[in-house]
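Shown below: structure_2.txt, with compact mmCIF, C-alpha atoms.
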```txt
# COMPACT_ATOMS: atom_id res chain seq x y z
CA ALA A 1 -51.81 -85.55 133.58
CA TRP A 2 -50.13 -82.34 134.68
CA GLY A 3 -48.82 -84.01 137.80
CA GLY A 4 -47.60 -87.17 136.04
CA GLY A 5 -44.68 -87.94 133.73
CA GLN A 6 -43.49 -84.85 131.89
CA ALA A 7 -41.63 -84.66 128.58
CA ALA A 8 -38.38 -82.72 128.66
CA ALA A 9 -38.59 -79.19 127.30
CA GLY A 10 -36.59 -78.77 124.11
CA GLY A 11 -33.52 -76.56 124.06
CA ARG A 12 -33.08 -76.28 127.82
CA THR A 13 -29.83 -75.06 129.25
CA GLY A 14 -28.25 -74.64 132.66
CA ALA A 15 -30.32 -75.42 135.70
CA ALA A 16 -33.51 -75.83 133.67
CA ALA A 17 -31.90 -78.61 131.66
CA ASP A 18 -30.82 -80.34 134.86
CA GLY A 19 -34.01 -80.23 136.83
CA ALA A 20 -36.98 -78.69 135.04
CA THR A 21 -39.33 -80.54 132.77
CA ALA A 22 -42.10 -79.30 130.52
CA GLU A 23 -45.57 -80.50 131.35
CA GLY A 24 -46.53 -83.20 128.84
CA GLY A 25 -49.80 -84.51 127.52
CA SER A 26 -52.94 -82.71 126.56
CA GLY A 27 -55.32 -83.96 129.23
CA PHE A 28 -55.62 -84.30 132.97
CA ALA A 29 -56.12 -87.08 135.46
CA GLU A 30 -59.65 -85.84 136.00
CA ALA A 31 -61.87 -83.18 134.49
CA ALA A 32 -61.08 -79.69 135.74
CA PRO A 33 -63.86 -77.92 137.66
CA PRO A 34 -65.43 -74.73 136.36
CA LEU A 35 -63.06 -71.78 136.43
CA LEU A 36 -62.99 -69.89 139.71
CA SER A 37 -61.65 -66.42 139.18
CA PRO A 38 -62.42 -62.76 139.73
CA ALA A 39 -63.97 -60.72 136.98
CA SER A 40 -60.55 -59.91 135.56
CA ALA A 41 -60.62 -58.05 132.26
CA PHE A 42 -57.85 -59.88 130.46
CA LEU A 43 -59.19 -63.42 130.98
CA ALA A 44 -62.93 -62.78 130.88
CA PRO A 45 -63.34 -62.98 127.05
CA VAL A 46 -61.38 -66.24 126.88
CA GLN A 47 -63.38 -67.69 129.77
CA ARG A 48 -66.65 -66.87 128.00
CA ALA A 49 -65.46 -68.31 124.69
CA LEU A 50 -64.40 -71.56 126.35
CA GLY A 51 -67.76 -71.86 128.10
CA LEU A 52 -66.27 -71.58 131.59
CA ALA A 53 -68.38 -70.58 134.56
CA PRO A 54 -68.73 -66.86 135.38
CA ALA A 55 -66.65 -65.54 138.23
CA PRO A 56 -68.06 -65.77 141.76
CA PRO A 57 -67.85 -62.78 144.11
CA PRO A 58 -64.29 -62.27 145.40
CA ARG A 59 -63.47 -63.93 148.71
CA PRO A 60 -60.83 -63.02 151.27
CA ALA A 61 -57.50 -64.73 150.63
CA VAL A 62 -57.01 -67.77 152.86
CA PHE A 63 -53.69 -69.60 153.12
CA GLU A 64 -53.91 -73.28 152.27
CA GLU A 65 -51.22 -75.85 152.98
CA ARG A 66 -51.73 -77.49 149.60
CA ALA A 67 -53.79 -76.82 146.50
CA PRO A 68 -56.79 -79.14 146.04
CA GLU A 69 -56.02 -82.34 144.17
CA HIS A 70 -58.37 -81.36 141.33
CA HIS A 71 -56.12 -78.35 140.61
CA PRO A 72 -53.08 -80.08 139.07
CA LEU A 73 -51.25 -76.79 138.48
CA GLY A 74 -51.70 -75.81 142.11
CA ARG A 75 -52.03 -72.40 143.70
CA ALA A 76 -50.18 -69.30 142.59
CA LEU A 77 -47.46 -68.11 144.96
CA ALA A 78 -45.81 -65.22 143.13
CA GLN A 79 -45.01 -63.59 139.82
CA ILE A 80 -41.34 -63.65 138.79
CA LEU A 81 -39.75 -61.04 136.51
CA ASP A 82 -43.29 -59.88 135.63
CA THR A 83 -43.34 -62.80 133.19
CA TYR A 84 -43.62 -66.13 135.02
CA VAL A 85 -46.20 -67.38 137.50
CA LEU A 86 -44.76 -69.50 140.30
CA ALA A 87 -47.21 -72.02 141.76
CA GLU A 88 -47.17 -74.96 144.17
CA ALA A 89 -48.75 -78.21 142.94
CA PRO A 90 -50.78 -80.46 145.27
CA ASP A 91 -47.78 -82.78 145.67
CA GLY A 92 -45.54 -79.89 146.72
CA ALA A 93 -43.70 -79.55 143.39
CA LEU A 94 -42.97 -76.07 142.07
CA VAL A 95 -44.67 -75.10 138.81
CA LEU A 96 -43.47 -72.23 136.62
CA VAL A 97 -45.83 -70.86 133.94
CA ASP A 98 -44.92 -68.49 131.13
CA GLN A 99 -47.87 -66.11 131.32
CA HIS A 100 -47.73 -64.93 127.69
CA ALA A 101 -47.24 -68.40 126.20
CA ALA A 102 -50.01 -69.85 128.37
CA HIS A 103 -52.51 -67.09 127.62
CA GLU A 104 -51.64 -67.35 123.92
CA ARG A 105 -52.74 -71.00 123.97
CA LEU A 106 -55.97 -70.10 125.80
CA THR A 107 -56.75 -67.42 123.22
CA HIS A 108 -55.85 -69.78 120.35
CA GLU A 109 -58.22 -72.48 121.58
CA ALA A 110 -61.00 -69.95 122.19
CA LEU A 111 -60.63 -68.57 118.65
CA ASN A 112 -60.67 -72.12 117.25
CA ALA A 113 -63.85 -72.90 119.19
CA GLN A 114 -65.62 -69.89 117.68
CA LEU A 115 -64.31 -70.74 114.21
CA VAL A 116 -65.73 -74.27 114.46
CA GLU A 117 -69.08 -72.80 115.50
CA GLY A 118 -69.27 -70.79 112.29
CA GLY A 119 -66.86 -67.88 112.60
CA VAL A 120 -64.96 -65.75 115.08
CA ARG A 121 -67.11 -63.00 116.55
CA SER A 122 -65.99 -59.53 115.47
CA GLN A 123 -66.05 -56.17 117.21
CA PRO A 124 -66.68 -53.20 114.88
CA LEU A 125 -64.32 -50.29 115.43
CA LEU A 126 -65.94 -46.99 116.39
CA LEU A 127 -63.54 -45.33 113.96
CA PRO A 128 -62.24 -47.57 111.15
CA ALA A 129 -58.44 -47.65 111.11
CA VAL A 130 -56.37 -47.00 108.00
CA VAL A 131 -53.19 -49.09 107.88
CA ASP A 132 -50.46 -48.22 105.37
CA LEU A 133 -48.57 -51.24 104.06
CA PRO A 134 -46.24 -52.09 101.19
CA ALA A 135 -48.39 -52.56 98.10
CA GLY A 136 -47.64 -56.30 97.93
CA GLU A 137 -48.64 -56.91 101.54
CA ALA A 138 -51.84 -54.91 101.19
CA ALA A 139 -52.77 -56.83 98.04
CA ARG A 140 -52.05 -60.16 99.76
CA LEU A 141 -54.32 -59.33 102.69
CA LEU A 142 -57.12 -58.13 100.43
CA GLU A 143 -56.87 -61.34 98.40
CA HIS A 144 -57.70 -63.22 101.57
CA ALA A 145 -60.28 -60.75 102.90
CA GLU A 146 -63.03 -63.40 102.86
CA THR A 147 -60.90 -65.82 104.88
CA LEU A 148 -59.94 -63.10 107.35
CA ALA A 149 -63.60 -62.14 107.77
CA ARG A 150 -64.23 -65.66 109.08
CA LEU A 151 -61.66 -64.82 111.74
CA GLY A 152 -63.48 -61.64 112.78
CA LEU A 153 -61.13 -59.31 110.87
CA GLU A 154 -63.01 -57.13 108.39
CA ILE A 155 -60.85 -55.19 105.91
CA GLU A 156 -61.25 -53.45 102.58
CA SER A 157 -59.10 -51.54 100.14
CA PHE A 158 -58.35 -47.88 100.85
CA GLY A 159 -56.26 -46.93 97.86
CA ALA A 160 -52.81 -48.09 96.80
CA GLY A 161 -50.89 -49.65 99.69
CA ALA A 162 -53.56 -48.95 102.30
CA VAL A 163 -56.11 -51.15 104.05
CA LEU A 164 -59.17 -50.00 105.97
CA VAL A 165 -59.90 -52.07 109.10
CA ARG A 166 -63.58 -52.03 110.04
CA ALA A 167 -63.67 -54.77 112.70
CA LEU A 168 -61.30 -56.91 114.79
CA PRO A 169 -61.87 -60.25 116.55
CA ALA A 170 -63.73 -59.44 119.77
CA LEU A 171 -61.60 -61.89 121.78
CA LEU A 172 -58.44 -59.88 121.16
CA GLY A 173 -59.58 -56.82 123.05
CA ASN A 174 -58.04 -53.71 121.50
CA PRO A 175 -54.85 -54.68 119.67
CA GLU A 176 -53.12 -52.22 117.38
CA PRO A 177 -54.35 -53.00 113.85
CA ALA A 178 -51.08 -52.17 112.05
CA PRO A 179 -48.78 -54.74 113.74
CA LEU A 180 -51.54 -57.34 113.49
CA LEU A 181 -51.99 -56.83 109.76
CA ARG A 182 -48.23 -56.83 109.12
CA ASP A 183 -47.88 -60.14 110.96
CA LEU A 184 -50.78 -61.69 109.06
CA ALA A 185 -49.35 -60.53 105.72
CA GLU A 186 -46.00 -62.08 106.67
CA GLU A 187 -47.67 -65.35 107.66
CA LEU A 188 -49.60 -65.55 104.40
CA ALA A 189 -46.43 -64.85 102.42
CA GLU A 190 -44.55 -67.63 104.21
CA LEU A 191 -47.32 -70.13 103.52
CA GLY A 192 -47.59 -69.29 99.83
CA GLU A 193 -50.61 -69.57 97.58
CA ALA A 194 -50.37 -73.37 97.47
CA ALA A 195 -51.34 -73.64 101.14
CA SER A 196 -54.78 -75.03 101.85
CA LEU A 197 -57.49 -72.89 103.36
CA GLN A 198 -57.26 -74.86 106.62
CA ARG A 199 -53.50 -74.22 106.87
CA ARG A 200 -54.04 -70.52 106.23
CA LEU A 201 -56.75 -70.40 108.89
CA ASP A 202 -54.59 -72.26 111.42
CA ALA A 203 -51.64 -69.97 110.82
CA ALA A 204 -53.78 -66.84 111.01
CA VAL A 205 -55.40 -67.99 114.26
CA ALA A 206 -51.95 -68.51 115.80
CA ARG A 207 -50.91 -64.98 114.83
CA LEU A 208 -54.14 -63.50 116.15
CA ALA A 209 -53.74 -65.37 119.44
CA CYS A 210 -50.29 -63.91 119.94
CA HIS A 211 -51.61 -60.35 119.55
CA GLY A 212 -54.53 -61.00 121.90
CA SER A 213 -52.51 -62.44 124.78
CA VAL A 214 -51.26 -60.88 127.98
CA ARG A 215 -47.65 -59.83 127.46
CA ALA A 216 -44.53 -60.63 129.38
CA GLY A 217 -43.84 -57.69 131.67
CA ARG A 218 -47.45 -57.18 132.74
CA ARG A 219 -48.03 -57.35 136.46
CA LEU A 220 -50.79 -59.76 137.44
CA LEU A 221 -52.91 -59.77 140.56
CA PRO A 222 -52.84 -62.98 142.64
CA ALA A 223 -56.41 -63.75 141.59
CA GLU A 224 -55.47 -63.28 137.92
CA MET A 225 -52.59 -65.73 138.31
CA ASP A 226 -54.90 -68.34 139.83
CA ALA A 227 -57.45 -67.69 137.07
CA LEU A 228 -54.76 -68.34 134.47
CA LEU A 229 -53.88 -71.68 136.10
CA ARG A 230 -57.52 -72.76 136.29
CA SER A 231 -58.12 -71.84 132.65
CA MET A 232 -55.07 -73.86 131.60
CA GLU A 233 -56.40 -76.89 133.44
CA ALA A 234 -59.64 -76.65 131.46
CA THR A 235 -58.02 -76.06 128.04
CA PRO A 236 -56.74 -78.66 125.55
CA ARG A 237 -53.08 -78.52 124.52
CA ALA A 238 -52.29 -76.04 127.30
CA ALA A 239 -48.82 -77.54 127.80
CA THR A 240 -47.52 -75.70 124.71
CA CYS A 241 -48.10 -72.33 123.11
CA SER A 242 -49.26 -71.81 119.53
CA HIS A 243 -45.64 -72.06 118.34
CA GLY A 244 -44.95 -75.35 120.13
CA ARG A 245 -42.92 -73.94 123.01
CA PRO A 246 -43.61 -75.18 126.55
CA THR A 247 -45.89 -73.08 128.72
CA VAL A 248 -45.13 -74.94 131.96
CA LEU A 249 -42.03 -76.19 133.76
CA ARG A 250 -42.18 -78.39 136.85
CA LEU A 251 -39.60 -78.89 139.59
CA ASP A 252 -40.38 -81.78 141.91
CA ALA A 253 -38.48 -82.68 145.08
CA ALA A 254 -35.96 -84.86 143.23
CA ALA A 255 -35.21 -82.11 140.70
CA LEU A 256 -34.66 -79.56 143.48
CA GLU A 257 -32.35 -81.95 145.31
CA ARG A 258 -30.28 -82.39 142.14
CA LEU A 259 -30.07 -78.65 141.62
CA PHE A 260 -28.75 -78.17 145.16
CA GLY A 261 -26.36 -81.14 144.91
CA ARG A 262 -28.22 -83.16 147.52
CA ARG A 263 -28.28 -86.27 145.34
```

Any chance you could give the structure as structure tokens?
Amino acid sequence: AWGGGQAAAGGRTGAAADGATAEGGSGFAEAAPPLLSPASAFLAPVQRALGLAPAPPPRPAVFEERAPEHHPLGRALAQILDTYVLAEAPDGALVLVDQHAAHERLTHEALNAQLVEGGVRSQPLLLPAVVDLPAGEAARLLEHAETLARLGLEIESFGAGAVLVRALPALLGNPEPAPLLRDLAEELAELGEAASLQRRLDAAVARLACHGSVRAGRRLLPAEMDALLRSMEATPRAATCSHGRPTVLRLDAAALERLFGRR
């Protein structure tokens, strides 16, 4: 459970190593309720893909002493450094969420869900994009065009060292095609031809999720921060991002007392 025993986050230094722990486990003490959020643009596609309830009409903000017990990650208090969401858990502990890492996991799981259902839904581009690449990278991508099509990415050859992009995964919004294709070509090169189809799909999904996630440095509205927390509570493996890094740190009363030398 999010509020229970947490595994230590790897590679921590300084104060984080002394008092912060990464949220462990992949489940929760009880099933999370349907997502309650505004119709925010950056989370809406992920919410739909995960089968979460549509947003209710916005309500005036009301201060609550504690978040409801069925919201293990609590209520959002603030955004720090335009990168981390600070929340208060029902037991009063402070929760710190890396917004990019967390949203990356949400996007990853949503892409996986569509893939299991038969294929990631694509969004045709109004104007197909031509991406120039080194000849080897272009050839590598085109070799795997059928696999990439299952992920909602439709490409074809456009001469030597060029790839024409006709469609992108709808979940990703409007990412730049060139960086996305370069990352996918790099991932496929690292895996090598001996890699199984499933490994290639898994690796490609992780890369796609990174490009479709809200970035560090983006300012979030309070309702968007709460929507992110609720989506995490309803998503498997939300304690880590696609690369295995923690998405959540927790500081309970004992950890805070240690940090301030009170025990």

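Distances here use all atoms listed in the file; by that measure, the residue among A:Leu249, A:Leu164, A:Leu148, A:Leu259 closest to Tyr84 in chain A is A:Leu249.
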
Find the residues with any atom within 10 Å of (-51.6, -58.1, 105.3); use all atoms listed in the file and the coordinates as given in the file, and write the answer as number ranges by chain.
-> A: 131-145, 148, 155, 162-163, 178-189

Selection: 10 Å around Glu88 in chain A, all atoms listed in the file, excl. self and same-chain fewer than 4 positions, as a PyMOL selection string = chain A and resi 65-67+72-78+92-96+250-252

What does the distance from CA of Ala204 in chain A to CA of Ala110 in chain A come to in Å, to one decimal?
->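 Rounded to one decimal, the two atoms are 13.7 Å apart.
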
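Take the candidates A:Leu256, A:Ala216, A:Ala223, A:Ala209 and check each one against Glu104 in chain A using only C-alpha atoms; the shortest distance goes to A:Ala209.
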
Tell me which of A:Glu190, A:Arg262, A:Leu201, A:Val85 sits closest to Ala102 in chain A, counting only C-alpha atoms.
-> A:Val85
